[in-house]
Each structure stands twice: as C-alpha cells, then as structure tokens.
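J.: First, the structure itself, so that you have it in front of you.
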2 protein chains.
Amino acid sequence: MNKILIIDDDEELCELVSEYLSVEGFQTEDVHDGASGLQKALSDEFDMVILDVMLPKMNGFDVLRELRQTSQIPVLMLTARGDDMERIVGLEIGADDYLPKPFNPRELVARLRAILRRVQETKEDREVENGKLHIDNVEVSVAARSAKLDGEELNLTSVEFDLLVALLKEAGKVVPKEDLSRTVLDREISPFDRSLDMHISNLRKKLDNDRIKTIRSVGYIYTMNI
Amino acid sequence: MNKILIIDDDEELCELVSEYLSVEGFQTEDVHDGASGLQKALSDEFDMVILDVMLPKMNGFDVLRELRQTSQIPVLMLTARGDDMERIVGLEIGADDYLPKPFNPRELVARLRAILRRVQETKEDREVENGKLHIDNVEVSVAARSAKLDGEELNLTSVEFDLLVALLKEAGKVVPKEDLSRTVLDREISPFDRSLDMHISNLRKKLDNDRIKTIRSVGYIYTMNI
DNA sequence: ATGAAGTGTAAAGAAATGTAAAAGTTTGGA
DNA sequence: TCCAAACTTTTACATTTCTTTACACTTCAT
C-alpha cells in the first residue's frame with residue numbers, strides 16, 4: 001500500500017482527495033502548511049507527495065526546493081489553472097508532474113500511478129544494471145558479491161556464490177552441468193568429476209530451501225514459486 | 001547527447017520542435033505516421049519518443065500499446081487540449097507523461113528533462129573524475145596520493161595505496177593476481193610469492209570494511225554497496 | 001527384479017589463502 | 001656515513017576452500 005502525503009491548506013479539498021485516494025487503495029495523510037509539510041515529507045514514511053503551490057508560511061516552490069536538497073521522493077504539484085510559468089518552474093526545480101486546479105480526481109490517480117510506475121521501474125532497472133538478482137526470498141548482489149536469504153547474509157564461498165548466480169540467472173530453466181562447470185569452475189567437466197555435485201550439496205545446505213532440483217543426466221535447476 | 005524521436009503528422013510542427021530541441025541540446029528525428037514511427041521507436045537508437053495521438057494509419061494509442069509490448073523507452077504523448085479522457089488513457093497504457101496541444105516549447109523541454117532525469121540517475125553513482133575515485137565511503141585522490149575512509153585520512157604505505165587504486169579502478173570486477181603483481185609490485189608473480197597477499201591483509205586491516213573479497217585461485221575484488 | 005548409470009554426501013586429501021613474525025630493504029636525518 | 005624507523009618480502013603455520021574418493025542410494029531401461 002502506497003502512503004501519500006497531501007500538503008494543501010484547503011482542508012475540504014484534502015478530505016475529498018483523501019477519500020477518493022483511499023477508495024483507490026492509497027493511504028493518505030494531510031497537513032495544511034508548508035513548514036510542517038516539509039518536515040513530514042522528509043520523514044521517510046511516505047512514498048509520494050501531493051503539494052499545493054499556494055500555501056501559508058512557506059509556498060510550494062520553497063518546500064520543493066528545500067525538499068530536493070536531500071530527498072528524491074516523487075512530488076506532484078497542484079497549480080492554478082493556466083499558469084504556464086508556475087508549471088515550468090515546478091518541473092525545473094524537481095517536481096515529477098503537476099496538475100492544474102481544479103482537477104478530475106480520476107486524472108489525479110492516473111498521474112500518481114504513472115509516477116509510481118516510473119519510479120518503480122527505474123529502481124528495478126538500476127538493480128538489474130548493478131547486477132542484482134532477486135528471486136523470492138533470496139537476494140544476490142553481484143557487484144557486492146553478497147547473497148541474502150530472508151534478508152540475512154549467507155556465508156558462501158566464492159564457488160558457491162558463482163554457482164548460485166549461474167543458477168539464478170537462469171532461474172526456472174535447467175542449466176546443464178557442462179555449462180555450470182565452465183562458468184563456475186572454469187574447466188570442462190569430465191566423467192568422474194564430482195566437484196560440482198559437492199558444491200551443489202553444500203549450497204543446498206546453506207540455502208536450506210528445496211529450490212535447487214536435480215535433472216538427472218542433464219544438470220540442475222533453480223525453481224521459483226509460481 | 002539525447003536522441004529524440006518525434007512521431008507527428010504535422011510536418012511544420014515537427015520542424016519547429018526539432019529546431020527548438022536542437023538549441024536545447026537534443027538530437028531529433030521525425031516521422032509522420034504511426035506505423036513507421038513504431039518501427040523507428042523499436043530500433044533502439046533513441047532515448048525517448050514524443051508521440052502525437054492523432055496520426056494517419058495507426059493512432060498514437062495503438063502505437064504506444066504495441067511499443068509497450070517489448071520496449072520501456074520513455075514516451076511523452078501530445079494530446080488535444082482539454083481532453084481528459086485521452087490523457088488518462090495514455091497514462092494508463094504506459095505513457096510517461098503527456099502534453100496538451102498547443103504547448104509552450106519551454107514546457108516541453110522541461111518535461112523531457114524531468115523524464116530523462118528519472119531515467120538517467122543510474123549512471124551517477126561512481127565518479128571517476130580528475131583523478132578522484134569515490135566509491136561509497138572511501139575516497140582516493142590519485143594526484144595527491146591520499147585516501148580517505150569516512151572523510152578521515154588513511155595512513156597507507158605506497159604499495160597499499162597503489163593496490164587500493166588498482167582495485168578501485170576495477171571496482172566490482174575481479175582483478176587477477178597476475179595483474180595486481182604487475183601494476184602494484186612491478187614484477188611477474190611466482191608460485192610462492194605471498195607478498196601480495198600480505199599487502200591485501202594489511203590493507204584490509206586499515207580499511208576495516210569487508211569490501212575486499214578473495215576469488216580463490218584468481219585474484220581479489222573490491223565490492224560495492226548498491 | 002536386476003544391473004548400469006547417475007546422484008548425495010561424508011570424509012580424506014590437496015591446494016590456496018590469512019596472517020604473525022622474522023628477515024631483508026629502503027629512506028631520511030644526524 | 002651510519003643508524004633507526006618505516007616499509008617490503010619471506011617464512012611458517014593455521015585455516016579455509018576445493019577436489020577426490022568411497023559408498024549408499026535413486027532412477028531407469030531391460
């Protein structure tokens with residue numbers, strides 16, 4: 001569930017929006033001036049901010065500028081209809097979108113979802129780019145050469161780590177022993193080489209889930225839920 | 001330089017926008033119907049697409065829907081002013097933003113930058129500028145031959161410093177012992193030469209993080225937090 | 001069922017690594 | 001020049017990691 005912070009001095013509007021958003025599956029909280037809005041926004045408990053430009057004490061642009069010093073939280077700004085300048089300034093100092101008042105609540109939701117989707121995707125892209133593999137309860141960072149099971153660091157040897165990565169990269173597909181030997185042990189497999197089997201055995205012990213299955217006379221597969 | 005594909009049947013508008021965008025530092029190319037627009041968009045040579053809704057042969061929504069089957073390229077849609085429905089549909093099927101026509105070119109640029117900012121933030125993590133290596137909490141100035149951990153000067157010997165630089169330059173990749181011996185100790189490694197291992201051991205003590213990992217029978221790797 | 005081939009894994013053996021301490025080398029000042 | 005401190009390399013041994021061996025067990029074709 002996404003938590004959204006609404007910063008707007010119009011309490012009636014806040015209530016209306018909150019109601020609509022809760023129907024759409026968002027959790028909301030609203031504050032009515034810039035200073036306390038900024039404080040809340042920096043508190044790290046929200047996924048997104050809806051920010052009005054016209055505010056008592058500290059206007060929306062000032063809040064946004066302050067916020068962007070340290071935070072990347074997505075911000076959708078509410079502006080007066082037709083004021084192009086305001087829209088531009090907002091986007092240039094780091095708003096993710098704006099919506100002119102008065103707005104259609106359906107459109108508000110569509111925009112919120114568009115922004116969240118964007119953020120989510122770039123996060124995933126970044127993870128992939130940096131070599132993160134995340135399958136069910138195991139999480140592997142290739143760059144950090146660390147593997148976690150249920151959030152807890154696994155103490156894997158170098159070969160075990162490479163083996164896990166090789167399997168996770170092809171999760172759900174059978175990986176032939178020949179391939180594993182080449183990528184993990186860096187040599188061709190020979191008829192009585194049991195080294196790989198031993199590493200599988202040790203890895204299974206450490207993972208302690210039954211995800212690594214054997215495909216007789218072919219290789220191994222890391223199975224996924226669903 | 002970012003390459004932008006403009007899909008709009010209004011050739012005059014395409015030219016105007018292209019001109020404006022080139023001044024702002026973008027490269028552009030324009031096509032005037034949906035089918036060839038889709039083809040271009042899938043060609044992987046653009047960083048972003050500006051897509052008009054009203055198009056001959058294949059309208060903007062159809063193009064977007066097709067495009068989203070396989071591509072995550074950012075798309076900004078151009079819609080008729082005031083048509084909420086269009087905006088919403090566009091966002092829901094995967095546009096990253098929309099802009100109602102007629103639009104202020106400054107606003108177009110602001111929106112393009114906002115979207116690209118989101119997408120491009122990935123590349124900023126490692127700075128390798130003017131002889132400085134900065135990875136997580138260690139910072140090395142090659143020119144000054146100084147290394148800092150959490151802002152505090154590390155008292156490294158000459159070999160330790162060179163070793164750290166050699167590892168940081170390839171952070172996230174395994175550096176073979178042979179290479180390290182050549183670049184750091186300036187000699188070929190021999191079977192029972194343990195000098196490098198000692199320097200690694202001493203460097204690890206001083207760094208006091210667990211970033212330097214061993215890859216048995218290959219070399220060492222400086223791992224990164226992601 | 002029966003045997004051949006493949007697999008699981010404990011345990012022994014081999015190889016590589018970690019590191020304290022000794023030995024050798026360099027450096028900078030008196 | 002000589003010495004002492006700082007640095008590097010070698011030595012030696014403990015430890016870890018990887019491979020091989022050995023044997024019990026499973027699977028599959030006959």
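Ordering of the structure tokens sets the chain letters (A, B, ...), residue numbers begin anew at 1 in every chain, and ligands are numbered from 1 in the order given.
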Which residues, written as a PyMOL selection string, have at least one atom at most 12 Å from stretch 11-21 of chain C, with only C-alpha atoms (C1' of nucleotides) counted and residues fewer than 2 positions away on the same chain left out?
T.: (chain B and resi 191-192+194-202+204-205+213-220) or (chain C and resi 9+23) or (chain D and resi 10-23)
J.: What are the DSSP strand (DSSP E) residues of stretch 23-223 of chain B, as a PyMOL selection string?
T.: chain B and resi 26-31+48-52+75-80+97-101+132-135+138-141+146-149+152-154+174-176+212-215+219-222
J.: For the residues in that selection, give me N, CA and C atoms as a CSV table (one decimal), in the first residue's frame.
T.:
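Output file part29.csv is given in full below:
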chain,number,residue,atom,x,y,z
B,26,PHE,N,19.3,18.6,-27.8
B,26,PHE,CA,18.8,17.3,-28.1
B,26,PHE,C,19.0,17.1,-29.6
B,27,GLN,N,19.2,15.8,-30.0
B,27,GLN,CA,19.2,15.4,-31.4
B,27,GLN,C,17.8,14.9,-31.7
B,28,THR,N,17.3,15.1,-32.9
B,28,THR,CA,15.9,14.7,-33.1
B,28,THR,C,15.8,14.0,-34.5
B,29,GLU,N,14.7,13.3,-34.7
B,29,GLU,CA,14.4,12.7,-36.0
B,29,GLU,C,12.9,12.7,-36.0
B,30,ASP,N,12.2,13.0,-37.1
B,30,ASP,CA,10.8,12.9,-37.1
B,30,ASP,C,10.2,12.0,-38.2
B,31,VAL,N,9.1,11.3,-37.9
B,31,VAL,CA,8.4,10.6,-38.9
B,31,VAL,C,6.9,11.0,-38.7
B,48,MET,N,14.2,8.5,-26.3
B,48,MET,CA,12.9,9.0,-25.9
B,48,MET,C,12.0,9.2,-27.1
B,49,VAL,N,10.6,9.2,-26.9
B,49,VAL,CA,9.7,9.3,-28.0
B,49,VAL,C,8.7,10.4,-27.7
B,50,ILE,N,8.5,11.3,-28.6
B,50,ILE,CA,7.3,12.3,-28.5
B,50,ILE,C,6.3,11.8,-29.5
B,51,LEU,N,5.1,11.5,-29.0
B,51,LEU,CA,4.1,10.8,-29.8
B,51,LEU,C,2.8,11.5,-29.8
B,52,ASP,N,2.4,11.9,-31.0
B,52,ASP,CA,1.1,12.5,-31.2
B,52,ASP,C,0.0,11.5,-31.2
B,75,VAL,N,8.0,7.7,-23.2
B,75,VAL,CA,7.1,8.3,-24.2
B,75,VAL,C,6.4,9.5,-23.6
B,76,LEU,N,6.5,10.6,-24.3
B,76,LEU,CA,5.6,11.7,-23.9
B,76,LEU,C,4.6,11.9,-25.0
B,77,MET,N,3.3,11.9,-24.6
B,77,MET,CA,2.2,12.0,-25.6
B,77,MET,C,1.7,13.4,-25.8
B,78,LEU,N,1.4,13.7,-27.0
B,78,LEU,CA,0.8,15.0,-27.3
B,78,LEU,C,-0.7,14.8,-27.6
B,79,THR,N,-1.5,15.5,-26.8
B,79,THR,CA,-3.0,15.3,-26.9
B,79,THR,C,-3.7,16.6,-27.2
B,80,ALA,N,-4.9,16.5,-27.6
B,80,ALA,CA,-5.7,17.7,-27.8
B,80,ALA,C,-6.0,18.3,-26.5
B,97,ASP,N,4.3,10.7,-19.7
B,97,ASP,CA,3.7,12.0,-19.5
B,97,ASP,C,2.9,12.4,-20.7
B,98,TYR,N,2.2,13.4,-20.6
B,98,TYR,CA,1.5,13.9,-21.8
B,98,TYR,C,1.6,15.4,-21.8
B,99,LEU,N,1.3,16.0,-22.9
B,99,LEU,CA,1.3,17.5,-23.0
B,99,LEU,C,0.2,17.9,-24.0
B,100,PRO,N,-0.7,18.7,-23.5
B,100,PRO,CA,-1.8,19.1,-24.4
B,100,PRO,C,-1.4,20.1,-25.4
B,101,LYS,N,-1.8,20.0,-26.6
B,101,LYS,CA,-1.6,20.9,-27.7
B,101,LYS,C,-2.6,22.1,-27.6
B,132,LYS,N,40.1,11.4,-9.3
B,132,LYS,CA,39.5,11.0,-8.0
B,132,LYS,C,38.6,9.8,-8.1
B,133,LEU,N,38.8,8.8,-7.2
B,133,LEU,CA,38.0,7.7,-7.2
B,133,LEU,C,37.1,7.7,-5.9
B,134,HIS,N,35.8,7.6,-6.1
B,134,HIS,CA,34.9,7.8,-5.0
B,134,HIS,C,33.9,6.6,-5.0
B,135,ILE,N,34.1,5.7,-4.1
B,135,ILE,CA,33.2,4.6,-4.0
B,135,ILE,C,32.7,4.4,-2.6
B,138,VAL,N,34.8,5.3,0.7
B,138,VAL,CA,36.3,5.6,0.5
B,138,VAL,C,36.5,6.5,-0.7
B,139,GLU,N,37.4,7.4,-0.5
B,139,GLU,CA,37.7,8.5,-1.5
B,139,GLU,C,39.2,8.5,-1.7
B,140,VAL,N,39.6,8.4,-2.9
B,140,VAL,CA,41.0,8.4,-3.2
B,140,VAL,C,41.4,9.5,-4.2
B,141,SER,N,42.4,10.3,-3.9
B,141,SER,CA,42.9,11.2,-4.9
B,141,SER,C,44.2,10.7,-5.4
B,146,SER,N,46.4,10.4,-1.7
B,146,SER,CA,45.8,10.3,-0.4
B,146,SER,C,44.5,9.5,-0.5
B,147,ALA,N,44.2,8.8,0.6
B,147,ALA,CA,42.9,8.0,0.6
B,147,ALA,C,42.2,8.3,1.9
B,148,LYS,N,40.9,8.5,1.8
B,148,LYS,CA,40.1,8.8,3.0
B,148,LYS,C,39.0,7.7,3.2
B,149,LEU,N,38.8,7.4,4.4
B,149,LEU,CA,37.7,6.5,4.8
B,149,LEU,C,36.8,7.3,5.7
B,152,GLU,N,38.1,10.5,6.8
B,152,GLU,CA,39.3,10.5,7.6
B,152,GLU,C,40.5,9.9,6.8
B,153,GLU,N,41.6,10.7,6.8
B,153,GLU,CA,42.8,10.2,6.1
B,153,GLU,C,43.2,8.9,6.6
B,154,LEU,N,43.5,8.0,5.6
B,154,LEU,CA,44.1,6.7,5.9
B,154,LEU,C,45.6,6.8,5.7
B,174,VAL,N,36.6,-8.7,-10.8
B,174,VAL,CA,37.7,-9.4,-10.2
B,174,VAL,C,39.0,-9.0,-10.9
B,175,VAL,N,40.0,-8.7,-10.1
B,175,VAL,CA,41.3,-8.3,-10.6
B,175,VAL,C,42.3,-9.5,-10.3
B,176,PRO,N,42.8,-10.1,-11.4
B,176,PRO,CA,43.7,-11.3,-11.2
B,176,PRO,C,45.0,-10.9,-10.5
B,212,ILE,N,37.0,-6.0,0.3
B,212,ILE,CA,38.0,-6.7,-0.5
B,212,ILE,C,37.7,-8.2,-0.3
B,213,LYS,N,37.2,-8.8,-1.3
B,213,LYS,CA,36.9,-10.3,-1.3
B,213,LYS,C,37.9,-11.0,-2.1
B,214,THR,N,38.1,-12.3,-1.7
B,214,THR,CA,39.1,-13.1,-2.4
B,214,THR,C,38.3,-14.0,-3.4
B,215,ILE,N,38.9,-14.1,-4.6
B,215,ILE,CA,38.4,-15.1,-5.5
B,215,ILE,C,39.5,-16.1,-5.7
B,219,GLY,N,42.0,-14.0,-8.0
B,219,GLY,CA,42.6,-12.7,-7.5
B,219,GLY,C,41.7,-12.1,-6.5
B,220,TYR,N,41.5,-10.8,-6.5
B,220,TYR,CA,40.7,-10.1,-5.5
B,220,TYR,C,39.7,-9.2,-6.2
B,221,ILE,N,38.7,-8.8,-5.4
B,221,ILE,CA,37.7,-7.9,-6.0
B,221,ILE,C,37.3,-6.9,-4.9
B,222,TYR,N,37.2,-5.6,-5.3
B,222,TYR,CA,36.7,-4.6,-4.4
B,222,TYR,C,35.2,-4.6,-4.7
J.: Quote the spacing between atom CA of A:Val165 and atom CA of B:Lys177 in Å to one decimal place.
T.: 22.9 Å
J.: Please report as a PyMOL selection string which residues of chain C come no farther than 10 Å from chain A, using only C-alpha atoms (C1' of nucleotides).
T.: chain C and resi 5-9
J.: Restricting the calculation to only C-alpha atoms: of B:Ser18, B:Gln72, B:Asn137, B:Thr183, which residue gets closest to chain A?
T.: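 Using only C-alpha atoms, chain A sits closest to B:Gln72.
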J.: Select from stretch 2-225 of chain A everything DSSP, run on the backbone, classes as helix (DSSP H, G or I), then give the selection as a ChimeraX atom specification.
T.: /A:11-23,34-41,60-70,84-92,105-129,158-169,177-185,195-207
J.: Ranking B:Asp193, B:Leu108, B:Arg117, B:Asp62 by minimum distance to chain D and counting only C-alpha atoms (C1' of nucleotides), which one comes first?
T.: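 The answer is B:Asp193, which sits nearest to chain D.
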J.: Can you tell me, as a PDB file with C-alpha atoms (C1' of nucleotides), in the first residue's frame, what residues are no more than 12 Å from D:DC3 when counting only C-alpha atoms (C1' of nucleotides), ignoring any on the same chain fewer than 3 positions away?
T.:
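Output (result.pdb):
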ATOM      1  C1'  DT C  27      64.749   6.082   3.390  1.00  0.00           C
ATOM      2  C1'  DG C  28      65.768  10.179   5.760  1.00  0.00           C
ATOM      3  C1'  DG C  29      68.103  12.585   9.141  1.00  0.00           C
ATOM      4  C1'  DA C  30      72.150  13.324  12.453  1.00  0.00           C
TER       5       DA C  30
END
J.: At a cut-off of 12 Å, using only C-alpha atoms (C1' of nucleotides), what residues contact D:DA6? Leave out same-chain residues fewer than 2 positions from it and give the result as a list of chain:residue names.
T.: B:Leu156, B:Thr157, B:Ser158, C:DT25, C:DT26, C:DT27, C:DG28, D:DA4, D:DT8
J.: With distances taken over only C-alpha atoms (C1' of nucleotides), which residue among B:Glu178, B:Glu160, B:Glu170, B:Asp210 lies nearest chain D?
T.: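 For chain D, the nearest of the given residues is B:Glu160.
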